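**Q** Once you've had a glance at the structure underneath, I'll fire off some questions.
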Amino acid sequence: MIDFVKDVRLWFAPQRLRDEGDTPDYRFSLANERTFLAWIRTALALVGGGFAVDQFLPDLRWGVRVGMAFALLAVGAACALRAVNHWMRCERAMRRGEDLPVSRFPVMLGLGVGLVAGVMVLVVLLGWTDGR
């Protein structure tokens, strides 16, 4: 728990990372930033998808529509938070000369998006509409 709090503090004071080890090759730091931006783009796409489901599929049953929208929004929020944490952990590992951190998050993200996509396929095939 103490490490997590320390990690979160570094989110808001990234200059403190300079106290960790040696400055890595700038190419690696820039690659780490590009990866961060890719995670942020993914988060924005998920959030946009959540709003799209809610706004543009009004004929779906309320629970199905809100459930899918909420799932996409929640996964998008988690992805954005994970992007910051992953960037910081990788930068610190590079400075310390350690192995890059491993994570189960890509698997969880893939499973979450796959689950929502599967529900959307069922909605299309079974036509779960409000019946208005």
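We label chains A, B, ... in the order they appear in the structure tokens, count residues from 1 in each chain, and number ligands from 1 in the order shown.
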Find the spatial neighbours of Gly97 in chain A, counting only C-alpha atoms, within a cut-off of 12 Å - ignore same-chain residues fewer than 6 positions away - and output them as a CSV table (one decimal) with N, CA, C and O atoms, in the first residue's frame.

**A**
```csv
chain,number,residue,atom,x,y,z
A,20,GLU,N,15.7,9.1,-9.1
A,20,GLU,CA,15.8,7.7,-9.3
A,20,GLU,C,16.9,7.3,-10.3
A,20,GLU,O,16.7,7.6,-11.5
A,21,GLY,N,17.9,6.7,-9.9
A,21,GLY,CA,18.9,6.2,-10.8
A,21,GLY,C,19.5,7.2,-11.8
A,21,GLY,O,19.7,8.4,-11.5
A,22,ASP,N,19.8,6.7,-13.0
A,22,ASP,CA,20.5,7.5,-14.1
A,22,ASP,C,19.5,7.8,-15.2
A,22,ASP,O,18.5,7.1,-15.4
A,23,THR,N,19.8,8.9,-15.9
A,23,THR,CA,18.9,9.3,-17.0
A,23,THR,C,19.1,8.3,-18.1
A,23,THR,O,20.2,8.0,-18.6
A,24,PRO,N,17.9,7.7,-18.5
A,24,PRO,CA,18.0,6.7,-19.6
A,24,PRO,C,18.2,7.4,-21.0
A,24,PRO,O,18.1,8.7,-21.1
A,25,ASP,N,18.6,6.7,-22.0
A,25,ASP,CA,18.6,7.2,-23.4
A,25,ASP,C,17.3,7.8,-23.7
A,25,ASP,O,16.2,7.3,-23.4
A,90,CYS,N,7.4,2.5,-15.8
A,90,CYS,CA,8.4,2.2,-16.8
A,90,CYS,C,9.6,3.2,-16.8
A,90,CYS,O,10.8,2.8,-16.9
A,91,GLU,N,9.3,4.5,-16.6
A,91,GLU,CA,10.3,5.5,-16.5
A,91,GLU,C,11.3,5.2,-15.3
A,91,GLU,O,12.5,5.3,-15.4
```

**Q** I want to know what sits within 12 Å of Ala38 in chain A, based on only C-alpha atoms, with residues of the same chain fewer than 3 positions away left out; could you give that as an mmCIF file with N, CA and C atoms, in the first residue's frame?

**A**
```
data_model
loop_
_atom_site.group_PDB
_atom_site.id
_atom_site.type_symbol
_atom_site.label_atom_id
_atom_site.label_comp_id
_atom_site.auth_asym_id
_atom_site.auth_seq_id
_atom_site.Cartn_x
_atom_site.Cartn_y
_atom_site.Cartn_z
ATOM 1 N N ALA A 31 9.900 6.868 -26.333
ATOM 2 C CA ALA A 31 9.072 5.698 -26.659
ATOM 3 C C ALA A 31 8.066 5.431 -25.544
ATOM 4 N N ASN A 32 8.487 5.622 -24.297
ATOM 5 C CA ASN A 32 7.589 5.455 -23.157
ATOM 6 C C ASN A 32 6.444 6.473 -23.242
ATOM 7 N N GLU A 33 6.758 7.700 -23.630
ATOM 8 C CA GLU A 33 5.710 8.715 -23.778
ATOM 9 C C GLU A 33 4.760 8.375 -24.924
ATOM 10 N N ARG A 34 5.281 7.841 -26.022
ATOM 11 C CA ARG A 34 4.401 7.440 -27.133
ATOM 12 C C ARG A 34 3.460 6.323 -26.702
ATOM 13 N N THR A 35 3.976 5.404 -25.888
ATOM 14 C CA THR A 35 3.116 4.341 -25.367
ATOM 15 C C THR A 35 2.030 4.930 -24.474
ATOM 16 N N ARG A 41 -5.163 7.492 -26.061
ATOM 17 C CA ARG A 41 -6.057 7.414 -27.230
ATOM 18 C C ARG A 41 -7.059 6.282 -27.067
ATOM 19 N N THR A 42 -6.585 5.153 -26.553
ATOM 20 C CA THR A 42 -7.487 4.024 -26.308
ATOM 21 C C THR A 42 -8.548 4.405 -25.279
ATOM 22 N N ALA A 43 -8.135 5.085 -24.212
ATOM 23 C CA ALA A 43 -9.093 5.513 -23.179
ATOM 24 C C ALA A 43 -10.130 6.463 -23.774
ATOM 25 N N LEU A 44 -9.684 7.415 -24.586
ATOM 26 C CA LEU A 44 -10.622 8.357 -25.209
ATOM 27 C C LEU A 44 -11.602 7.638 -26.134
ATOM 28 N N ALA A 45 -11.118 6.656 -26.883
ATOM 29 C CA ALA A 45 -11.998 5.890 -27.767
ATOM 30 C C ALA A 45 -13.047 5.123 -26.961
ATOM 31 N N CYS A 79 -8.361 2.750 -18.062
ATOM 32 C CA CYS A 79 -7.266 2.795 -19.035
ATOM 33 C C CYS A 79 -6.478 4.101 -18.907
ATOM 34 N N ALA A 80 -7.166 5.208 -18.707
ATOM 35 C CA ALA A 80 -6.476 6.496 -18.548
ATOM 36 C C ALA A 80 -5.626 6.504 -17.283
ATOM 37 N N ARG A 82 -4.437 3.887 -15.737
ATOM 38 C CA ARG A 82 -3.366 2.915 -15.929
ATOM 39 C C ARG A 82 -2.263 3.493 -16.808
ATOM 40 N N ALA A 83 -2.618 4.337 -17.758
ATOM 41 C CA ALA A 83 -1.617 4.955 -18.630
ATOM 42 C C ALA A 83 -0.611 5.763 -17.823
ATOM 43 N N VAL A 84 -1.116 6.549 -16.898
ATOM 44 C CA VAL A 84 -0.229 7.373 -16.067
ATOM 45 C C VAL A 84 0.660 6.478 -15.205
ATOM 46 N N HIS A 86 1.506 3.317 -15.625
ATOM 47 C CA HIS A 86 2.440 2.538 -16.431
ATOM 48 C C HIS A 86 3.606 3.405 -16.912
ATOM 49 N N TRP A 87 3.315 4.623 -17.356
ATOM 50 C CA TRP A 87 4.379 5.528 -17.799
ATOM 51 C C TRP A 87 5.390 5.742 -16.668
#
```

**Q** I'd like the contact shell of range 111-118 of chain A - 10 Å cut-off, only C-alpha atoms, skipping same-chain residues fewer than 6 positions apart - returned as a PyMOL selection string.

**A** chain A and resi 46+67-69+71-72+74-76+105+124

**Q** Check the DSSP output for the backbone and give back, as a VMD selection string, the residues of chain A in helix (DSSP H, G or I).

**A** chain A and resid 2 to 12 14 to 19 26 to 56 62 to 96 105 to 126

**Q** Could you tell me how far CA of Phe28 in chain A lies from CA of Arg92 in chain A, in Å and to one decimal?

**A**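 Going from CA of Phe28 in chain A over to CA of Arg92 in chain A covers 11.8 Å.
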
**Q** I'd like the interatomic distance between CA of Ala13 in chain A and CA of Ser103 in chain A, to a tenth of an Å.

**A** 23.0 Å

**Q** CA of Trp62 in chain A to CA of Leu81 in chain A: how many Å, to one decimal?

**A** 28.2 Å
